Amino acid sequence: SHIVAIVGRPNVGKSTLFNRLIQRREAIVDSVSGVTRDRNYGKSEWNGKAFSVIDTGGYVRGSDDIFEGEIRKQVELAIDEADVILFVVDVEEGITPMDEEVAKLLRKVTKPVLLGVNKVDNAMREKDAIEFYNLGLGDYTTFASTSGSGTGELLDNLVAAFPDKPEPTKEEIELPRFAVVGRPNAGKSSFINALIGQDRYIVTDIAGTTRDAIDTKFDRFGFEFNLVDTAGIRRKAKVKEDLEFYSVMRSVRAIEHADICILIIDATRGFEGQDQSIFWLAEKNRKGLVILVNKWDLVEKDTMSTRDYEAKIRKEIEPFTDVPILFVSAHTKQRLLKALEASVQVFENRKQRIPTSKFNDYMLKVIEGHPPPALKGKYVKIKYCMQLPTPTPQFVFFANLPQYVKEPYKRFLENKIRENWDFSGVPIDIYIREK
Ligand code: GDP
């Protein structure tokens with residue numbers, strides 16, 4: 001889907017707007033997965049078009065007295081990673097020097113830039129907003145993020161600005177697309193080089209192609225796959241990716257573009273905040289996941305066994321624990337083939353379609369033996385279920401009283417599905433509908 005980045009100086013109302021844009025979808029996703037959500041990244045939809053929103057300001061620490069350098073980095077990153085840039089300004093404050101700085105950067109950009117003037121909630125302010133023509137960015141849209149007035153028009157304009165994306169070819173759909181993701185220095189480039197060979201990994205960095213992730217096709221060990229070239233690898237030298245924001249945001253496009261995310265973790269550092277952010281970003285996008293604990297050659301095996309290490313990671317990724325975790329070394333090439341095999345397996349798992357008759361045979365028996373708990377003396381009956389013909393595994397169960405089927409029971413159903421069919425590494429959605 002398309003990526004929208006919100007930029008602007010602190011306190012113009014970026015995060016209020018962000019929350020407003022993602023609200024509805026987010027609530028649904030959260031109740032399904034029970035996952036803590038990333039405050040700076042969310043999925044949204046308008047007029048049938050799905051898109052992701054990134055609040056770049058949300059990632060900048062101490063953003064009350066943000067430095068000019070910081071905002072420049074924020075904007076440059078948005079320019080690199082987003083399809084549309086939404087520049088938010090504040091009519092109460094008018095044009096500040098920092099707004100001018102941002103506008104100067106954005107004027108050079110070929111991507112669509114939308115200027116949104118916030119806090120416009122009366123005719124007087126509508127008139128005041130005229131001064132923003134001075135930013136040299138053309139027309140603007142006025143809105144008020146706290147009340148929500150004008151945000152519909154803002155969304156219309158946003159969606160209209162989305163560039164057309166080419167339809168994926170048949171081959172692109174059939175071949176797994178892997179994105180190697182992880183924080184800086186986890187060993188992503190080393191892993192890729194070890195896997196496909198330094199000499200074979202020739203990246204053509206064509207100017208102007210930064211807009212989209214680049215797929216490179218490989219044929220290794222009898223597997224055919226595309227590697228999504230992550231921005232981090234190609235543009236390593238450009239920004240020092242020491243902040244969480246940069247590595248997470250760098251991962252967004254690669255994750256969205258991929259089928260399977262191969263998350264590389266530095267064994268000497270453990271599964272930390274940044275790793276977790278990237279993990280949940282992939283999960284939220286319903287991508288397949290494989291976790292590779294890299295640099296395993298550096299870990300003293302008497303102090304930390306694979307089993308303990310694995311258990312620790314699984315604890316962190318609850319409730320989505322059904323994910324392959326492998327211990328690898330890009331240096332000694334330990335278990336690299338296994339890692340590739342596991343990734344291909346997750347791709348297959350994600351594509352699998354269970355015939356409706358088989359699904360009913362198995363699941364209805366499970367439900368009969370362990371029905372949803374009765375509520376207020378009423379019994380919930382599930383008589384039919386099926387997998388939906390969706391790109392990622394989704395299942396629907398038809399019940400007489402769908403609202404009585406609660407989260408724990410849904411999780412029970414999910415676990416049963418996972419016990420009987422291999423959905424390892426694949427997020428699953430369960431819906432209960434009225435029959
Ligand atoms: P990236 O930023 O994620 O692409 O990380 P790099 O591939 O550049 O690796 C960061 C550093 O970790 C480099 O110095 C690598 O040589 C080192 N490194 C990567 N993988 C391994 C590994 O499996 N074992 C050891 N000992 N070092 C590794």
# chains A, B, ... in the order shown; residues from 1 in each chain; ligands from 1
>>> closest_atom_pairs(of="chain A", to="ligand 1", cutoff="9 Å", atoms="only C-alpha atoms and all ligand atoms", output="JSON lines")
{"residue": "A:Val180", "atom": "CA", "partner": "ligand 1", "partner_atom_place_in_ligand_line": "3 (O)", "distance": 8.8}
{"residue": "A:Val181", "atom": "CA", "partner": "ligand 1", "partner_atom_place_in_ligand_line": "3 (O)", "distance": 7.7}
{"residue": "A:Gly182", "atom": "CA", "partner": "ligand 1", "partner_atom_place_in_ligand_line": "3 (O)", "distance": 6.3}
{"residue": "A:Arg183", "atom": "CA", "partner": "ligand 1", "partner_atom_place_in_ligand_line": "3 (O)", "distance": 6.0}
{"residue": "A:Pro184", "atom": "CA", "partner": "ligand 1", "partner_atom_place_in_ligand_line": "2 (O)", "distance": 3.9}
{"residue": "A:Asn185", "atom": "CA", "partner": "ligand 1", "partner_atom_place_in_ligand_line": "5 (O)", "distance": 3.4}
{"residue": "A:Ala186", "atom": "CA", "partner": "ligand 1", "partner_atom_place_in_ligand_line": "3 (O)", "distance": 4.0}
{"residue": "A:Gly187", "atom": "CA", "partner": "ligand 1", "partner_atom_place_in_ligand_line": "5 (O)", "distance": 3.3}
{"residue": "A:Lys188", "atom": "CA", "partner": "ligand 1", "partner_atom_place_in_ligand_line": "3 (O)", "distance": 3.6}
{"residue": "A:Ser189", "atom": "CA", "partner": "ligand 1", "partner_atom_place_in_ligand_line": "4 (O)", "distance": 3.8}
{"residue": "A:Ser190", "atom": "CA", "partner": "ligand 1", "partner_atom_place_in_ligand_line": "7 (O)", "distance": 3.6}
{"residue": "A:Phe191", "atom": "CA", "partner": "ligand 1", "partner_atom_place_in_ligand_line": "7 (O)", "distance": 6.4}
{"residue": "A:Ile192", "atom": "CA", "partner": "ligand 1", "partner_atom_place_in_ligand_line": "7 (O)", "distance": 8.0}
{"residue": "A:Asn193", "atom": "CA", "partner": "ligand 1", "partner_atom_place_in_ligand_line": "7 (O)", "distance": 8.3}
{"residue": "A:Gly232", "atom": "CA", "partner": "ligand 1", "partner_atom_place_in_ligand_line": "4 (O)", "distance": 7.3}
{"residue": "A:Ile233", "atom": "CA", "partner": "ligand 1", "partner_atom_place_in_ligand_line": "4 (O)", "distance": 6.2}
{"residue": "A:Lys236", "atom": "CA", "partner": "ligand 1", "partner_atom_place_in_ligand_line": "2 (O)", "distance": 7.8}
{"residue": "A:Glu241", "atom": "CA", "partner": "ligand 1", "partner_atom_place_in_ligand_line": "2 (O)", "distance": 9.0}
{"residue": "A:Ile264", "atom": "CA", "partner": "ligand 1", "partner_atom_place_in_ligand_line": "3 (O)", "distance": 7.5}
{"residue": "A:Ile265", "atom": "CA", "partner": "ligand 1", "partner_atom_place_in_ligand_line": "3 (O)", "distance": 8.6}
{"residue": "A:Asp266", "atom": "CA", "partner": "ligand 1", "partner_atom_place_in_ligand_line": "20 (N)", "distance": 7.9}
{"residue": "A:Ala267", "atom": "CA", "partner": "ligand 1", "partner_atom_place_in_ligand_line": "23 (O)", "distance": 8.7}
{"residue": "A:Val293", "atom": "CA", "partner": "ligand 1", "partner_atom_place_in_ligand_line": "23 (O)", "distance": 8.8}
{"residue": "A:Asn294", "atom": "CA", "partner": "ligand 1", "partner_atom_place_in_ligand_line": "23 (O)", "distance": 5.1}
{"residue": "A:Lys295", "atom": "CA", "partner": "ligand 1", "partner_atom_place_in_ligand_line": "23 (O)", "distance": 3.3}
{"residue": "A:Trp296", "atom": "CA", "partner": "ligand 1", "partner_atom_place_in_ligand_line": "23 (O)", "distance": 6.2}
{"residue": "A:Asp297", "atom": "CA", "partner": "ligand 1", "partner_atom_place_in_ligand_line": "24 (N)", "distance": 5.7}
{"residue": "A:Leu298", "atom": "CA", "partner": "ligand 1", "partner_atom_place_in_ligand_line": "26 (N)", "distance": 5.4}
{"residue": "A:Val299", "atom": "CA", "partner": "ligand 1", "partner_atom_place_in_ligand_line": "26 (N)", "distance": 9.0}
{"residue": "A:Val328", "atom": "CA", "partner": "ligand 1", "partner_atom_place_in_ligand_line": "23 (O)", "distance": 6.6}
{"residue": "A:Ser329", "atom": "CA", "partner": "ligand 1", "partner_atom_place_in_ligand_line": "23 (O)", "distance": 3.4}
{"residue": "A:Ala330", "atom": "CA", "partner": "ligand 1", "partner_atom_place_in_ligand_line": "23 (O)", "distance": 3.7}
{"residue": "A:His331", "atom": "CA", "partner": "ligand 1", "partner_atom_place_in_ligand_line": "23 (O)", "distance": 4.3}
{"residue": "A:Thr332", "atom": "CA", "partner": "ligand 1", "partner_atom_place_in_ligand_line": "23 (O)", "distance": 6.6}
{"residue": "A:Lys333", "atom": "CA", "partner": "ligand 1", "partner_atom_place_in_ligand_line": "23 (O)", "distance": 7.4}
{"residue": "A:Gln334", "atom": "CA", "partner": "ligand 1", "partner_atom_place_in_ligand_line": "23 (O)", "distance": 8.2}
>>> write_last_selection(atoms="C-alpha atoms", output="compact mmCIF listing (two decimals), in the first residue's frame")
# COMPACT_ATOMS: atom_id res chain seq x y z
CA VAL A 180 15.81 -8.88 5.49
CA VAL A 181 15.08 -6.49 8.31
CA GLY A 182 16.58 -5.60 11.64
CA ARG A 183 18.33 -2.86 13.43
CA PRO A 184 21.66 -1.46 12.29
CA ASN A 185 24.63 -3.80 12.79
CA ALA A 186 22.49 -6.83 13.42
CA GLY A 187 24.21 -8.34 10.39
CA LYS A 188 21.68 -7.91 7.62
CA SER A 189 24.20 -7.21 4.87
CA SER A 190 26.51 -9.93 6.15
CA PHE A 191 23.63 -12.38 6.11
CA ILE A 192 22.62 -11.46 2.59
CA ASN A 193 26.18 -11.64 1.35
CA GLY A 232 19.21 0.38 4.97
CA ILE A 233 21.44 -1.67 2.78
CA LYS A 236 23.79 2.89 4.48
CA GLU A 241 20.82 5.07 11.68
CA ILE A 264 17.85 -10.46 12.02
CA ILE A 265 18.73 -10.08 15.68
CA ASP A 266 22.17 -9.56 17.13
CA ALA A 267 22.66 -12.47 19.55
CA VAL A 293 19.44 -14.86 15.98
CA ASN A 294 22.66 -13.91 14.23
CA LYS A 295 26.27 -13.80 15.52
CA TRP A 296 25.56 -17.00 17.40
CA ASP A 297 29.28 -17.75 16.98
CA LEU A 298 29.99 -15.01 19.52
CA VAL A 299 27.80 -16.39 22.29
CA VAL A 328 22.67 -18.55 12.77
CA SER A 329 25.99 -16.99 12.00
CA ALA A 330 26.61 -14.98 8.90
CA HIS A 331 30.34 -15.28 9.62
CA THR A 332 30.62 -19.05 9.90
CA LYS A 333 27.62 -19.54 7.61
CA GLN A 334 26.04 -21.71 10.24
>>> residues_around(residues="range 422-427 of chain A", least_positions_apart="6", cutoff="12 Å", atoms="only C-alpha atoms", output="PyMOL selection string")
chain A and resi 29+32-33+35+259-263+279-291+317-325+342-354+391-395+414-416
>>> write_last_selection(atoms="C-alpha atoms", output="PDB file, in the first residue's frame")
ATOM      1  CA  VAL A  29      -6.614  -4.627  14.348  1.00  0.00           C
ATOM      2  CA  VAL A  32      -7.916  -9.033  16.918  1.00  0.00           C
ATOM      3  CA  SER A  33      -4.280  -9.362  17.746  1.00  0.00           C
ATOM      4  CA  VAL A  35      -1.025  -6.244  20.244  1.00  0.00           C
ATOM      5  CA  ASP A 259       5.689 -11.466   1.791  1.00  0.00           C
ATOM      6  CA  ILE A 260       8.112 -12.692   4.396  1.00  0.00           C
ATOM      7  CA  CYS A 261      10.237 -10.643   6.779  1.00  0.00           C
ATOM      8  CA  ILE A 262      13.458 -12.214   7.889  1.00  0.00           C
ATOM      9  CA  LEU A 263      14.179 -10.417  11.129  1.00  0.00           C
ATOM     10  CA  PHE A 279       8.532  -7.485  14.591  1.00  0.00           C
ATOM     11  CA  TRP A 280       5.140  -5.929  15.353  1.00  0.00           C
ATOM     12  CA  LEU A 281       5.337  -3.788  12.246  1.00  0.00           C
ATOM     13  CA  ALA A 282       5.567  -6.967  10.179  1.00  0.00           C
ATOM     14  CA  GLU A 283       2.862  -8.673  12.213  1.00  0.00           C
ATOM     15  CA  LYS A 284       0.538  -5.741  11.864  1.00  0.00           C
ATOM     16  CA  ASN A 285       1.020  -5.879   8.118  1.00  0.00           C
ATOM     17  CA  ARG A 286       0.182  -9.577   8.225  1.00  0.00           C
ATOM     18  CA  LYS A 287       3.519 -10.593   6.787  1.00  0.00           C
ATOM     19  CA  GLY A 288       5.220 -13.907   7.350  1.00  0.00           C
ATOM     20  CA  LEU A 289       8.009 -13.797   9.909  1.00  0.00           C
ATOM     21  CA  VAL A 290      11.186 -15.692  10.620  1.00  0.00           C
ATOM     22  CA  ILE A 291      13.514 -14.657  13.423  1.00  0.00           C
ATOM     23  CA  ILE A 317       6.318 -12.009  21.084  1.00  0.00           C
ATOM     24  CA  GLU A 318       3.245 -13.290  22.914  1.00  0.00           C
ATOM     25  CA  PRO A 319       0.600 -14.057  21.824  1.00  0.00           C
ATOM     26  CA  PHE A 320       2.037 -14.529  18.330  1.00  0.00           C
ATOM     27  CA  THR A 321       4.613 -17.099  19.402  1.00  0.00           C
ATOM     28  CA  ASP A 322       4.249 -19.564  16.550  1.00  0.00           C
ATOM     29  CA  VAL A 323       7.242 -18.166  14.669  1.00  0.00           C
ATOM     30  CA  PRO A 324      10.398 -19.995  13.560  1.00  0.00           C
ATOM     31  CA  ILE A 325      13.453 -18.897  15.542  1.00  0.00           C
ATOM     32  CA  ALA A 342      12.355 -21.899   6.992  1.00  0.00           C
ATOM     33  CA  SER A 343      11.567 -18.686   5.122  1.00  0.00           C
ATOM     34  CA  VAL A 344      10.306 -20.571   2.089  1.00  0.00           C
ATOM     35  CA  GLN A 345       8.221 -22.781   4.390  1.00  0.00           C
ATOM     36  CA  VAL A 346       6.609 -19.715   5.972  1.00  0.00           C
ATOM     37  CA  PHE A 347       5.831 -18.457   2.492  1.00  0.00           C
ATOM     38  CA  GLU A 348       4.105 -21.771   1.729  1.00  0.00           C
ATOM     39  CA  ASN A 349       2.247 -21.665   5.045  1.00  0.00           C
ATOM     40  CA  ARG A 350       0.967 -18.224   4.285  1.00  0.00           C
ATOM     41  CA  LYS A 351      -0.332 -19.289   0.886  1.00  0.00           C
ATOM     42  CA  GLN A 352      -2.021 -22.436   2.106  1.00  0.00           C
ATOM     43  CA  ARG A 353      -5.756 -22.790   1.596  1.00  0.00           C
ATOM     44  CA  ILE A 354      -7.652 -25.335   3.648  1.00  0.00           C
ATOM     45  CA  PRO A 391      -4.044 -13.152   0.524  1.00  0.00           C
ATOM     46  CA  THR A 392      -3.264 -13.816   4.184  1.00  0.00           C
ATOM     47  CA  PRO A 393      -4.946 -16.525   6.253  1.00  0.00           C
ATOM     48  CA  GLN A 394      -8.301 -15.386   7.608  1.00  0.00           C
ATOM     49  CA  PHE A 395     -11.008 -17.596   9.000  1.00  0.00           C
ATOM     50  CA  GLU A 414      -6.495 -20.007  16.503  1.00  0.00           C
ATOM     51  CA  ASN A 415      -4.391 -22.383  18.569  1.00  0.00           C
ATOM     52  CA  LYS A 416      -6.407 -25.333  17.349  1.00  0.00           C
TER      53      LYS A 416
END
>>> residues_around(residues="Ala129 in chain A", least_positions_apart="2", cutoff="12 Å", atoms="only C-alpha atoms", output="VMD selection string")
chain A and resid 89 to 95 115 to 127 131 to 135 139 to 143
>>> write_last_selection(atoms="N, CA and C atoms", output="PDB file, in the first residue's frame")
ATOM      1  N   VAL A  89       1.104  22.518   9.152  1.00  0.00           N
ATOM      2  CA  VAL A  89       1.457  23.797   9.774  1.00  0.00           C
ATOM      3  C   VAL A  89       0.284  24.256  10.638  1.00  0.00           C
ATOM      4  N   ASP A  90       0.522  25.306  11.394  1.00  0.00           N
ATOM      5  CA  ASP A  90      -0.428  25.731  12.421  1.00  0.00           C
ATOM      6  C   ASP A  90      -0.846  27.182  12.178  1.00  0.00           C
ATOM      7  N   VAL A  91      -2.125  27.387  11.952  1.00  0.00           N
ATOM      8  CA  VAL A  91      -2.589  28.733  11.609  1.00  0.00           C
ATOM      9  C   VAL A  91      -2.450  29.703  12.783  1.00  0.00           C
ATOM     10  N   GLU A  92      -2.496  29.195  13.996  1.00  0.00           N
ATOM     11  CA  GLU A  92      -2.361  30.069  15.175  1.00  0.00           C
ATOM     12  C   GLU A  92      -0.989  30.721  15.223  1.00  0.00           C
ATOM     13  N   GLU A  93       0.024  29.922  14.901  1.00  0.00           N
ATOM     14  CA  GLU A  93       1.392  30.409  14.962  1.00  0.00           C
ATOM     15  C   GLU A  93       1.804  31.129  13.688  1.00  0.00           C
ATOM     16  N   GLY A  94       1.146  30.794  12.587  1.00  0.00           N
ATOM     17  CA  GLY A  94       1.576  31.352  11.302  1.00  0.00           C
ATOM     18  C   GLY A  94       2.850  30.677  10.829  1.00  0.00           C
ATOM     19  N   ILE A  95       3.498  31.295   9.873  1.00  0.00           N
ATOM     20  CA  ILE A  95       4.720  30.695   9.328  1.00  0.00           C
ATOM     21  C   ILE A  95       5.895  30.980  10.252  1.00  0.00           C
ATOM     22  N   LEU A 115       0.021  20.276   1.660  1.00  0.00           N
ATOM     23  CA  LEU A 115       0.159  21.207   2.767  1.00  0.00           C
ATOM     24  C   LEU A 115      -1.164  21.242   3.524  1.00  0.00           C
ATOM     25  N   GLY A 116      -1.106  20.896   4.794  1.00  0.00           N
ATOM     26  CA  GLY A 116      -2.304  20.905   5.626  1.00  0.00           C
ATOM     27  C   GLY A 116      -2.197  21.986   6.690  1.00  0.00           C
ATOM     28  N   VAL A 117      -3.167  22.891   6.711  1.00  0.00           N
ATOM     29  CA  VAL A 117      -3.137  23.955   7.718  1.00  0.00           C
ATOM     30  C   VAL A 117      -4.089  23.574   8.848  1.00  0.00           C
ATOM     31  N   ASN A 118      -3.518  23.349  10.011  1.00  0.00           N
ATOM     32  CA  ASN A 118      -4.287  22.853  11.153  1.00  0.00           C
ATOM     33  C   ASN A 118      -4.856  24.003  12.001  1.00  0.00           C
ATOM     34  N   LYS A 119      -5.819  23.650  12.832  1.00  0.00           N
ATOM     35  CA  LYS A 119      -6.455  24.557  13.792  1.00  0.00           C
ATOM     36  C   LYS A 119      -7.324  25.615  13.100  1.00  0.00           C
ATOM     37  N   VAL A 120      -7.767  25.300  11.900  1.00  0.00           N
ATOM     38  CA  VAL A 120      -8.665  26.222  11.199  1.00  0.00           C
ATOM     39  C   VAL A 120     -10.096  25.787  11.499  1.00  0.00           C
ATOM     40  N   ASP A 121     -10.726  26.448  12.489  1.00  0.00           N
ATOM     41  CA  ASP A 121     -12.095  26.035  12.803  1.00  0.00           C
ATOM     42  C   ASP A 121     -13.096  27.179  12.746  1.00  0.00           C
ATOM     43  N   ASN A 122     -12.731  28.287  12.135  1.00  0.00           N
ATOM     44  CA  ASN A 122     -13.725  29.332  11.860  1.00  0.00           C
ATOM     45  C   ASN A 122     -13.302  30.167  10.648  1.00  0.00           C
ATOM     46  N   ALA A 123     -14.240  31.022  10.200  1.00  0.00           N
ATOM     47  CA  ALA A 123     -14.028  31.780   8.961  1.00  0.00           C
ATOM     48  C   ALA A 123     -12.831  32.721   9.064  1.00  0.00           C
ATOM     49  N   MET A 124     -12.644  33.243  10.267  1.00  0.00           N
ATOM     50  CA  MET A 124     -11.540  34.156  10.528  1.00  0.00           C
ATOM     51  C   MET A 124     -10.200  33.483  10.236  1.00  0.00           C
ATOM     52  N   ARG A 125     -10.106  32.279  10.765  1.00  0.00           N
ATOM     53  CA  ARG A 125      -8.841  31.552  10.587  1.00  0.00           C
ATOM     54  C   ARG A 125      -8.665  31.084   9.146  1.00  0.00           C
ATOM     55  N   GLU A 126      -9.785  30.838   8.494  1.00  0.00           N
ATOM     56  CA  GLU A 126      -9.734  30.472   7.089  1.00  0.00           C
ATOM     57  C   GLU A 126      -9.035  31.596   6.314  1.00  0.00           C
ATOM     58  N   LYS A 127      -9.329  32.821   6.705  1.00  0.00           N
ATOM     59  CA  LYS A 127      -8.713  33.978   6.053  1.00  0.00           C
ATOM     60  C   LYS A 127      -7.230  34.070   6.409  1.00  0.00           C
ATOM     61  N   GLU A 131      -1.922  33.216   4.326  1.00  0.00           N
ATOM     62  CA  GLU A 131      -0.488  33.522   4.374  1.00  0.00           C
ATOM     63  C   GLU A 131       0.375  32.322   3.991  1.00  0.00           C
ATOM     64  N   PHE A 132      -0.196  31.105   4.101  1.00  0.00           N
ATOM     65  CA  PHE A 132       0.619  29.916   3.825  1.00  0.00           C
ATOM     66  C   PHE A 132       0.934  29.716   2.345  1.00  0.00           C
ATOM     67  N   TYR A 133       0.302  30.525   1.496  1.00  0.00           N
ATOM     68  CA  TYR A 133       0.726  30.516   0.095  1.00  0.00           C
ATOM     69  C   TYR A 133       2.190  30.955  -0.016  1.00  0.00           C
ATOM     70  N   ASN A 134       2.622  31.728   0.960  1.00  0.00           N
ATOM     71  CA  ASN A 134       4.007  32.205   0.946  1.00  0.00           C
ATOM     72  C   ASN A 134       5.039  31.090   1.070  1.00  0.00           C
ATOM     73  N   LEU A 135       4.594  29.919   1.464  1.00  0.00           N
ATOM     74  CA  LEU A 135       5.549  28.805   1.577  1.00  0.00           C
ATOM     75  C   LEU A 135       5.964  28.270   0.207  1.00  0.00           C
ATOM     76  N   ASP A 139      -1.428  25.170  -3.351  1.00  0.00           N
ATOM     77  CA  ASP A 139      -2.652  25.131  -2.553  1.00  0.00           C
ATOM     78  C   ASP A 139      -2.479  24.338  -1.267  1.00  0.00           C
ATOM     79  N   TYR A 140      -3.344  24.662  -0.327  1.00  0.00           N
ATOM     80  CA  TYR A 140      -3.303  23.934   0.939  1.00  0.00           C
ATOM     81  C   TYR A 140      -4.721  23.471   1.278  1.00  0.00           C
ATOM     82  N   THR A 141      -4.804  22.593   2.264  1.00  0.00           N
ATOM     83  CA  THR A 141      -6.106  22.161   2.765  1.00  0.00           C
ATOM     84  C   THR A 141      -6.190  22.581   4.220  1.00  0.00           C
ATOM     85  N   THR A 142      -7.303  23.205   4.592  1.00  0.00           N
ATOM     86  CA  THR A 142      -7.434  23.591   5.993  1.00  0.00           C
ATOM     87  C   THR A 142      -8.240  22.537   6.737  1.00  0.00           C
ATOM     88  N   PHE A 143      -7.911  22.374   7.996  1.00  0.00           N
ATOM     89  CA  PHE A 143      -8.634  21.400   8.814  1.00  0.00           C
ATOM     90  C   PHE A 143      -8.429  21.727  10.288  1.00  0.00           C
TER      91      PHE A 143
END
>>> select_by_dssp(residues="range 109-182 of chain A", states="strand (DSSP E or B)", output="VMD selection string")
chain A and resid 113 to 118 140 to 142 177 to 181
>>> write_last_selection(atoms="C-alpha atoms", output="mmCIF file, in the first residue's frame")
data_model
loop_
_atom_site.group_PDB
_atom_site.id
_atom_site.type_symbol
_atom_site.label_atom_id
_atom_site.label_comp_id
_atom_site.auth_asym_id
_atom_site.auth_seq_id
_atom_site.Cartn_x
_atom_site.Cartn_y
_atom_site.Cartn_z
ATOM 1 C CA VAL A 113 3.509 17.181 -1.128
ATOM 2 C CA LEU A 114 0.292 18.138 0.603
ATOM 3 C CA LEU A 115 0.159 21.207 2.767
ATOM 4 C CA GLY A 116 -2.304 20.905 5.626
ATOM 5 C CA VAL A 117 -3.137 23.955 7.718
ATOM 6 C CA ASN A 118 -4.287 22.853 11.153
ATOM 7 C CA TYR A 140 -3.303 23.934 0.939
ATOM 8 C CA THR A 141 -6.106 22.161 2.765
ATOM 9 C CA THR A 142 -7.434 23.591 5.993
ATOM 10 C CA ARG A 177 9.540 -11.848 -1.641
ATOM 11 C CA PHE A 178 11.847 -11.757 1.336
ATOM 12 C CA ALA A 179 12.830 -8.634 3.186
ATOM 13 C CA VAL A 180 15.813 -8.877 5.491
ATOM 14 C CA VAL A 181 15.075 -6.491 8.310
#
>>> residues_around(residues="range 364-377 of chain A", least_positions_apart="5", cutoff="7 Å", atoms="only C-alpha atoms", output="MDAnalysis selection string")
chainID A and resid 404:405 409
>>> atom_distance(atom1="CA of Val88 in chain A", atom2="CA of Gly8 in chain A")
5.2 Å
>>> closest_residue(among="A:Lys383, A:Gly42, A:Asn400, A:Tyr362", to="Trp421 in chain A", atoms="only C-alpha atoms")
A:Tyr362
>>> residues_around(residues="Thr356 in chain A", least_positions_apart="5", cutoff="12 Å", atoms="only C-alpha atoms", output="ChimeraX atom specification")
/A:361-364,384-389,395-397
>>> atom_distance(atom1="CA of Asn420 in chain A", atom2="CA of Lys406 in chain A")
21.8 Å
>>> closest_residue(among="A:Thr96, A:Asn40, A:Ser1, A:Ser145", to="Val84 in chain A", atoms="only C-alpha atoms")
A:Ser1
>>> residues_around(residues="Leu158 in chain A", least_positions_apart="4", cutoff="12 Å", atoms="only C-alpha atoms", output="ChimeraX atom specification")
/A:2-6,21,44-47,49-53,83-87,112-116,140-141,151-154,162-163
>>> residues_around(residues="Val252 in chain A", least_positions_apart="3", cutoff="9 Å", atoms="only C-alpha atoms", output="number ranges by chain")
A: 3, 81, 247-249, 255-257, 278, 281-282
>>> write_last_selection(atoms="C-alpha atoms", output="PDB file, in the first residue's frame")
ATOM      1  CA  ILE A   3       2.946   5.308   2.533  1.00  0.00           C
ATOM      2  CA  GLU A  81      10.451   6.594   2.229  1.00  0.00           C
ATOM      3  CA  SER A 247      15.806   1.881  11.448  1.00  0.00           C
ATOM      4  CA  VAL A 248      12.109   1.311  11.954  1.00  0.00           C
ATOM      5  CA  MET A 249      11.100   3.752   9.290  1.00  0.00           C
ATOM      6  CA  ILE A 255       8.112  -4.844   5.084  1.00  0.00           C
ATOM      7  CA  GLU A 256       5.100  -3.623   3.166  1.00  0.00           C
ATOM      8  CA  HIS A 257       6.598  -4.790  -0.085  1.00  0.00           C
ATOM      9  CA  ILE A 278      10.081  -4.151  13.620  1.00  0.00           C
ATOM     10  CA  LEU A 281       5.337  -3.788  12.246  1.00  0.00           C
ATOM     11  CA  ALA A 282       5.567  -6.967  10.179  1.00  0.00           C
TER      12      ALA A 282
END
>>> decode(residues="range 296-306 of chain A", atoms="N, CA and C atoms", output="PDB file, in the first residue's frame")
ATOM      1  N   TRP A 296      25.616 -15.937  16.388  1.00  0.00           N
ATOM      2  CA  TRP A 296      25.556 -16.999  17.401  1.00  0.00           C
ATOM      3  C   TRP A 296      26.951 -17.529  17.687  1.00  0.00           C
ATOM      4  N   ASP A 297      27.891 -17.327  16.752  1.00  0.00           N
ATOM      5  CA  ASP A 297      29.284 -17.748  16.982  1.00  0.00           C
ATOM      6  C   ASP A 297      29.933 -16.987  18.136  1.00  0.00           C
ATOM      7  N   LEU A 298      29.376 -15.830  18.462  1.00  0.00           N
ATOM      8  CA  LEU A 298      29.994 -15.006  19.515  1.00  0.00           C
ATOM      9  C   LEU A 298      29.470 -15.341  20.913  1.00  0.00           C
ATOM     10  N   VAL A 299      28.428 -16.161  20.990  1.00  0.00           N
ATOM     11  CA  VAL A 299      27.797 -16.390  22.289  1.00  0.00           C
ATOM     12  C   VAL A 299      28.408 -17.614  22.962  1.00  0.00           C
ATOM     13  N   GLU A 300      28.838 -17.433  24.209  1.00  0.00           N
ATOM     14  CA  GLU A 300      29.364 -18.543  25.006  1.00  0.00           C
ATOM     15  C   GLU A 300      28.241 -19.533  25.266  1.00  0.00           C
ATOM     16  N   LYS A 301      28.398 -20.726  24.771  1.00  0.00           N
ATOM     17  CA  LYS A 301      27.272 -21.648  24.838  1.00  0.00           C
ATOM     18  C   LYS A 301      26.978 -22.138  26.264  1.00  0.00           C
ATOM     19  N   ASP A 302      27.949 -22.023  27.206  1.00  0.00           N
ATOM     20  CA  ASP A 302      27.671 -22.479  28.576  1.00  0.00           C
ATOM     21  C   ASP A 302      26.816 -21.452  29.319  1.00  0.00           C
ATOM     22  N   THR A 303      26.918 -20.188  28.931  1.00  0.00           N
ATOM     23  CA  THR A 303      26.151 -19.181  29.663  1.00  0.00           C
ATOM     24  C   THR A 303      24.710 -19.072  29.168  1.00  0.00           C
ATOM     25  N   MET A 304      24.524 -19.376  27.920  1.00  0.00           N
ATOM     26  CA  MET A 304      23.182 -19.195  27.363  1.00  0.00           C
ATOM     27  C   MET A 304      22.893 -20.303  26.362  1.00  0.00           C
ATOM     28  N   SER A 305      21.922 -21.143  26.675  1.00  0.00           N
ATOM     29  CA  SER A 305      21.589 -22.203  25.727  1.00  0.00           C
ATOM     30  C   SER A 305      20.580 -21.680  24.714  1.00  0.00           C
ATOM     31  N   THR A 306      20.522 -22.339  23.567  1.00  0.00           N
ATOM     32  CA  THR A 306      19.550 -21.921  22.555  1.00  0.00           C
ATOM     33  C   THR A 306      18.141 -21.986  23.121  1.00  0.00           C
TER      34      THR A 306
END
